[in-house]
Amino acid sequence: MGDINSKKNVLRLGFVSFFTDVSSEMIFPILPIFLTTILKANMAIVGLIEGIAESTSSLLKMVSGYLSDKFKRKKPLVIFGYSLSTVTKPLLAIASHWWHVLFVRFSDRIGKGIRTAPRDSLLASITNKKVRGKYFGLHRALDSAGAIVGTLIAFFLLKIFVGETSFRVIFWLSAIPGVLAVLILILGVKEAKSVKSEKKFSFNFKELSPEFKKFLFVVLIFELANFSYAFFILRAKDVGIAITLIPIVYLIYNIFYAGFSIPFGKLSDRVGRKGIISAGFLLFSLTCLGFAFIANNITIWILFALYGLFMAITDGVSRAYVSDLVEKDKRGSALGVYHTVIGVTDLPANFIGGLLWQRINVHAPFIYAAVLSSISAILILVMVNKKKNNR
């Protein structure tokens with residue numbers, strides 16, 4: 001990495017995600033409630049919005065990852081992506097129809113699509129395999145810590161303001177931490193100078209390792225079950241949790257996400273990532289069964305804690321695993337492909353989940369998710385072979 005202090009760079013990149021998530025999580029825990037109570041959207045519409053919003057970023061993640069490898073510059077793409085999201089999210093404050101929300105979520109996810117793969121590649125480039133899980137975990141922990149702060153801000157603002165006004169004030173104020181994130185990124189995060197190579201860069205999916213391709217297949221199966229957090233929030237509302245308490249329920253999720261990301265990242269460095277990810281998929285299955293059959297005013301708090309624990313186990317570890325399985329100069333492209341697989345499944349996962357809720361009952365989407373995630377937990381163990389990679 002040369003003269004760049006890796007730990008400081010990881011921390012600064014982490015604080016970019018911290019403030020971005022303060023901004024995002026001021027909005028996202030209450031957005032499904034805003035859609036269903038203020039804008040009168042039904043669950044099928046909520047699923048459609050979440051699916052389209054997440055899927056729009058999918059191709060951009062692959063393209064931006066490829067471009068970051070080809071031109072050996074990651075930071076400009078990361079800056080543009082974060083800036084676009086920062087500008088668009090506060091526009092929710094003037095939304096008066098559900099399709100306005102769709103437009104804002106669409107634009108915000110474009111920003112996420114542009115920044116995600118280059119950012120993860122930048123993070124991988126300043127770490128080595130022996131500590132990569134820990135540093136990806138640290139980044140996820142700071143990201144989730146921002147979500148905790150954002151959720152608390154939303155909770156207190158809901159207490160101060162009343163009705164529709166509270167939603168719109170929160171949307172406007174979300175711009176402040178977003179701007180801070182972009183400033184830290186521009187002024188504080190450094191990118192290592194790329195080593196010039198006479199070899200022309202090329203990316204061919206066929207040349208990637210069989211283990212990486214098998215892992216992508218398992219991820220695709222799992223992500224068809226991994227619908228939006230909006231379903232879990234609306235399930236909390238469905239069992240009787242007051243709207244003003246929704247951010248606090250979501251806070252429990254983020255506390256467990258933030259608190260356990262580093263420990264599980266470190267554990268994956270020591271015992272391997274495949275088994276950790278499989279355990280995470282299995283936990284998600286059990287959590288979904290809980291949301292389907294035992295959710296009530298008391299157990300919902302435990303279920304959101306388990307949901308956060310699942311994210312802590314799998315999110316950073318999966319990204320580190322992808323970085324392990326591919327060559328250094330192709331990480332941006334491979335991470336882009338990985339995030340694309342996640343993105344293209346978001347629309348069917350959320351739309352199917354919304355239809356199951358709307359047409360059958362509230363239990364159906366969670367049962368569906370439990371079955372697919374259990375299958376995924378088994379597939380990753382039997383399909384993806386252990387492979388040593390010291391890159």
# chains A, B, ... in the order shown; residues from 1 in each chain; ligands from 1

call {"tool": "select_by_dssp", "arguments": {"residues": "stretch 14-236 of chain A", "states": "alpha helix (DSSP H)", "output": "VMD selection string"}}
result
chain A and resid 14 to 27 31 to 33 43 to 70 75 to 88 98 to 125 129 to 160 163 to 173 175 to 188 210 to 223 229 to 236

call {"tool": "residues_around", "arguments": {"residues": "A:Val179", "least_positions_apart": "2", "cutoff": "9 Å", "atoms": "only C-alpha atoms", "output": "ChimeraX atom specification"}}
result
/A:19-20,83,86-87,175-177,181-184

call {"tool": "residues_around", "arguments": {"residues": "A:Tyr321", "least_positions_apart": "3", "cutoff": "8 Å", "atoms": "only C-alpha atoms", "output": "ChimeraX atom specification"}}
result
/A:273-274,317-318,324-325

call {"tool": "closest_atom_pairs", "arguments": {"of": "stretch 2-117 of chain A", "to": "stretch 254-267 of chain A", "cutoff": "12 Å", "atoms": "only C-alpha atoms", "output": "CSV"}}
result
residue,atom,partner,partner_atom,distance
A:Gly14,CA,A:Ala258,CA,11.9
A:Phe18,CA,A:Ala258,CA,10.7
A:Asp21,CA,A:Asn254,CA,10.7
A:Val22,CA,A:Asn254,CA,11.4
A:Glu25,CA,A:Asn254,CA,9.7
A:Pro29,CA,A:Asn254,CA,11.0

call {"tool": "write_last_selection", "arguments": {"atoms": "N, CA and C atoms", "output": "mmCIF file, in the first residue's frame"}}
result
data_model
loop_
_atom_site.group_PDB
_atom_site.id
_atom_site.type_symbol
_atom_site.label_atom_id
_atom_site.label_comp_id
_atom_site.auth_asym_id
_atom_site.auth_seq_id
_atom_site.Cartn_x
_atom_site.Cartn_y
_atom_site.Cartn_z
ATOM 1 N N GLY A 14 -14.741 3.858 6.574
ATOM 2 C CA GLY A 14 -15.813 3.426 7.456
ATOM 3 C C GLY A 14 -16.689 4.580 7.911
ATOM 4 N N PHE A 18 -20.495 5.411 7.770
ATOM 5 C CA PHE A 18 -21.187 5.763 9.016
ATOM 6 C C PHE A 18 -22.157 6.920 8.778
ATOM 7 N N ASP A 21 -24.983 6.156 6.382
ATOM 8 C CA ASP A 21 -26.041 5.353 6.995
ATOM 9 C C ASP A 21 -26.833 6.134 8.030
ATOM 10 N N VAL A 22 -26.226 7.124 8.676
ATOM 11 C CA VAL A 22 -27.017 8.026 9.521
ATOM 12 C C VAL A 22 -28.121 8.645 8.671
ATOM 13 N N GLU A 25 -30.635 5.746 7.361
ATOM 14 C CA GLU A 25 -31.465 5.106 8.375
ATOM 15 C C GLU A 25 -32.331 6.084 9.146
ATOM 16 N N PRO A 29 -36.224 3.196 8.015
ATOM 17 C CA PRO A 29 -37.137 2.513 8.934
ATOM 18 C C PRO A 29 -38.568 3.028 8.874
#

call {"tool": "closest_atom_pairs", "arguments": {"of": "stretch 44-103 of chain A", "to": "stretch 112-129 of chain A", "cutoff": "6 Å", "atoms": "only C-alpha atoms", "output": "Markdown table"}}
result
| residue | atom | partner | partner_atom | distance |
| --- | --- | --- | --- | --- |
| A:Ser57 | CA | A:Gly113 | CA | 4.0 |
| A:Leu60 | CA | A:Gly113 | CA | 5.1 |
| A:Lys61 | CA | A:Gly113 | CA | 4.6 |
| A:Ser64 | CA | A:Ile114 | CA | 5.5 |
| A:Gly65 | CA | A:Ala117 | CA | 5.0 |
| A:Ser68 | CA | A:Pro118 | CA | 5.9 |
| A:Lys74 | CA | A:Pro118 | CA | 5.1 |
| A:Leu77 | CA | A:Arg115 | CA | 5.8 |
| A:Val78 | CA | A:Arg115 | CA | 4.2 |
| A:Gly81 | CA | A:Arg115 | CA | 4.6 |

call {"tool": "write_last_selection", "arguments": {"atoms": "N, CA and C atoms", "output": "short mmCIF file (atom, residue, chain, number, x, y, z; two decimals), in the first residue's frame"}}
result
data_model
loop_
_atom_site.label_atom_id
_atom_site.label_comp_id
_atom_site.auth_asym_id
_atom_site.auth_seq_id
_atom_site.Cartn_x
_atom_site.Cartn_y
_atom_site.Cartn_z
N SER A 57 -29.62 -0.82 -9.33
CA SER A 57 -28.19 -0.65 -9.11
C SER A 57 -27.36 -1.83 -9.61
N LEU A 60 -25.15 -1.42 -12.78
CA LEU A 60 -24.17 -0.37 -12.53
C LEU A 60 -23.04 -0.86 -11.63
N LYS A 61 -23.36 -1.77 -10.70
CA LYS A 61 -22.32 -2.32 -9.84
C LYS A 61 -21.30 -3.09 -10.66
N SER A 64 -19.40 -0.35 -12.89
CA SER A 64 -18.49 0.49 -12.12
C SER A 64 -17.31 -0.33 -11.60
N GLY A 65 -17.57 -1.59 -11.22
CA GLY A 65 -16.47 -2.45 -10.80
C GLY A 65 -15.48 -2.69 -11.91
N SER A 68 -13.45 0.49 -12.58
CA SER A 68 -12.45 0.74 -11.55
C SER A 68 -11.22 -0.13 -11.75
N LYS A 74 -10.52 4.09 -8.40
CA LYS A 74 -11.75 3.72 -7.70
C LYS A 74 -12.43 4.93 -7.05
N LEU A 77 -15.28 7.20 -8.81
CA LEU A 77 -16.58 6.54 -8.91
C LEU A 77 -17.27 6.49 -7.55
N VAL A 78 -16.49 6.27 -6.50
CA VAL A 78 -17.07 6.21 -5.16
C VAL A 78 -17.63 7.58 -4.78
N GLY A 81 -20.91 8.27 -6.69
CA GLY A 81 -22.01 7.45 -6.19
C GLY A 81 -22.57 7.97 -4.88
#

call {"tool": "decode", "arguments": {"residues": "stretch 110-257 of chain A", "atoms": "C-alpha atoms", "output": "compact mmCIF listing (two decimals), in the first residue's frame"}}
result
# COMPACT_ATOMS: atom_id res chain seq x y z
CA ILE A 110 -28.14 4.30 -8.88
CA GLY A 111 -25.71 6.09 -6.59
CA LYS A 112 -25.27 2.95 -4.52
CA GLY A 113 -24.74 0.91 -7.67
CA ILE A 114 -21.99 3.22 -8.87
CA ARG A 115 -20.09 3.30 -5.57
CA THR A 116 -20.40 -0.16 -4.04
CA ALA A 117 -18.04 -2.37 -6.06
CA PRO A 118 -15.25 0.26 -6.39
CA ARG A 119 -15.53 0.99 -2.64
CA ASP A 120 -15.29 -2.69 -1.68
CA SER A 121 -12.41 -3.13 -4.11
CA LEU A 122 -10.68 -0.10 -2.57
CA LEU A 123 -11.15 -1.65 0.86
CA ALA A 124 -9.80 -5.01 -0.32
CA SER A 125 -6.77 -3.31 -1.89
CA ILE A 126 -5.65 -1.84 1.43
CA THR A 127 -5.91 -5.13 3.36
CA ASN A 128 -4.48 -8.63 3.06
CA LYS A 129 -6.21 -11.96 3.43
CA LYS A 130 -5.06 -12.57 7.00
CA VAL A 131 -6.98 -9.53 8.30
CA ARG A 132 -9.42 -8.88 5.46
CA GLY A 133 -12.39 -10.35 7.30
CA LYS A 134 -11.66 -8.14 10.31
CA TYR A 135 -11.42 -4.96 8.24
CA PHE A 136 -14.52 -5.72 6.20
CA GLY A 137 -16.21 -6.39 9.53
CA LEU A 138 -14.95 -3.06 10.87
CA HIS A 139 -16.34 -1.28 7.83
CA ARG A 140 -19.71 -3.03 8.24
CA ALA A 141 -19.68 -2.22 11.96
CA LEU A 142 -19.18 1.50 11.34
CA ASP A 143 -21.84 1.37 8.63
CA SER A 144 -24.26 -0.19 11.11
CA ALA A 145 -23.25 2.20 13.90
CA GLY A 146 -24.37 5.00 11.59
CA ALA A 147 -27.66 3.18 11.19
CA ILE A 148 -28.05 3.15 14.98
CA VAL A 149 -27.51 6.90 15.20
CA GLY A 150 -29.82 7.59 12.25
CA THR A 151 -32.54 5.41 13.75
CA LEU A 152 -32.32 7.21 17.11
CA ILE A 153 -32.55 10.58 15.37
CA ALA A 154 -35.68 9.42 13.53
CA PHE A 155 -37.18 8.16 16.80
CA PHE A 156 -36.70 11.48 18.61
CA LEU A 157 -37.95 13.53 15.66
CA LEU A 158 -41.09 11.37 15.52
CA LYS A 159 -41.62 12.29 19.16
CA ILE A 160 -41.12 16.00 18.54
CA PHE A 161 -43.17 16.39 15.38
CA VAL A 162 -46.65 15.03 14.71
CA GLY A 163 -48.19 13.10 11.81
CA GLU A 164 -47.14 13.68 8.24
CA THR A 165 -44.93 16.64 9.20
CA SER A 166 -42.60 14.37 11.18
CA PHE A 167 -41.84 12.26 8.10
CA ARG A 168 -41.08 15.24 5.90
CA VAL A 169 -38.85 16.98 8.46
CA ILE A 170 -36.80 13.80 8.84
CA PHE A 171 -36.41 13.50 5.07
CA TRP A 172 -35.08 17.06 4.81
CA LEU A 173 -32.65 16.72 7.73
CA SER A 174 -31.19 13.53 6.28
CA ALA A 175 -29.16 15.70 3.89
CA ILE A 176 -26.81 16.92 6.65
CA PRO A 177 -24.97 13.66 7.48
CA GLY A 178 -24.95 12.78 3.78
CA VAL A 179 -22.95 15.92 3.00
CA LEU A 180 -20.52 15.15 5.85
CA ALA A 181 -19.91 11.69 4.37
CA VAL A 182 -19.02 13.10 0.95
CA LEU A 183 -16.63 15.66 2.49
CA ILE A 184 -14.77 12.97 4.47
CA LEU A 185 -14.49 10.87 1.33
CA ILE A 186 -13.11 13.71 -0.78
CA LEU A 187 -10.71 15.12 1.81
CA GLY A 188 -9.74 12.12 3.93
CA VAL A 189 -9.73 8.87 1.96
CA LYS A 190 -6.63 8.18 -0.11
CA GLU A 191 -6.24 5.75 -2.96
CA ALA A 192 -2.97 3.93 -3.51
CA LYS A 193 -1.13 4.79 -6.70
CA SER A 194 -1.69 2.05 -9.22
CA VAL A 195 1.24 0.07 -10.52
CA LYS A 196 1.55 0.55 -14.25
CA SER A 197 1.39 -2.62 -16.25
CA GLU A 198 2.10 -3.19 -19.90
CA LYS A 199 -0.49 -5.94 -19.92
CA LYS A 200 -3.83 -4.68 -21.19
CA PHE A 201 -6.65 -5.17 -18.71
CA SER A 202 -9.35 -7.64 -19.70
CA PHE A 203 -12.14 -9.28 -17.75
CA ASN A 204 -13.59 -12.57 -18.84
CA PHE A 205 -16.15 -14.23 -16.60
CA LYS A 206 -15.18 -17.65 -17.96
CA GLU A 207 -11.65 -17.23 -16.58
CA LEU A 208 -12.79 -16.76 -13.00
CA SER A 209 -12.40 -19.64 -10.56
CA PRO A 210 -15.08 -22.37 -10.44
CA GLU A 211 -15.39 -21.74 -6.68
CA PHE A 212 -16.34 -18.12 -7.30
CA LYS A 213 -18.97 -19.13 -9.88
CA LYS A 214 -20.45 -21.75 -7.57
CA PHE A 215 -20.59 -19.21 -4.77
CA LEU A 216 -22.44 -16.81 -7.07
CA PHE A 217 -25.00 -19.52 -7.83
CA VAL A 218 -25.63 -20.11 -4.13
CA VAL A 219 -25.90 -16.35 -3.54
CA LEU A 220 -28.47 -16.11 -6.33
CA ILE A 221 -30.63 -18.81 -4.72
CA PHE A 222 -30.38 -17.19 -1.31
CA GLU A 223 -31.08 -13.66 -2.52
CA LEU A 224 -34.38 -14.78 -4.05
CA ALA A 225 -35.40 -15.25 -0.42
CA ASN A 226 -33.74 -12.13 0.98
CA PHE A 227 -36.44 -9.52 0.47
CA SER A 228 -36.31 -5.99 1.85
CA TYR A 229 -36.18 -4.97 5.52
CA ALA A 230 -39.54 -3.29 4.76
CA PHE A 231 -41.30 -6.64 5.19
CA PHE A 232 -39.85 -7.09 8.66
CA ILE A 233 -40.78 -3.54 9.67
CA LEU A 234 -44.34 -3.92 8.42
CA ARG A 235 -44.57 -7.25 10.22
CA ALA A 236 -43.68 -5.38 13.43
CA LYS A 237 -46.45 -2.90 12.72
CA ASP A 238 -48.78 -5.82 11.92
CA VAL A 239 -48.30 -7.38 15.38
CA GLY A 240 -49.11 -4.09 17.10
CA ILE A 241 -45.84 -2.18 17.54
CA ALA A 242 -46.62 1.57 17.63
CA ILE A 243 -45.32 3.65 14.72
CA THR A 244 -43.21 5.77 17.09
CA LEU A 245 -41.47 2.59 18.33
CA ILE A 246 -40.69 1.22 14.86
CA PRO A 247 -37.29 3.01 14.72
CA ILE A 248 -36.38 1.51 18.11
CA VAL A 249 -37.26 -2.01 16.96
CA TYR A 250 -35.07 -1.38 13.91
CA LEU A 251 -32.41 -0.03 16.27
CA ILE A 252 -32.12 -3.47 17.87
CA TYR A 253 -31.38 -4.91 14.44
CA ASN A 254 -28.59 -2.39 13.86
CA ILE A 255 -27.08 -2.81 17.33
CA PHE A 256 -26.59 -6.52 16.73
CA TYR A 257 -25.41 -5.89 13.16
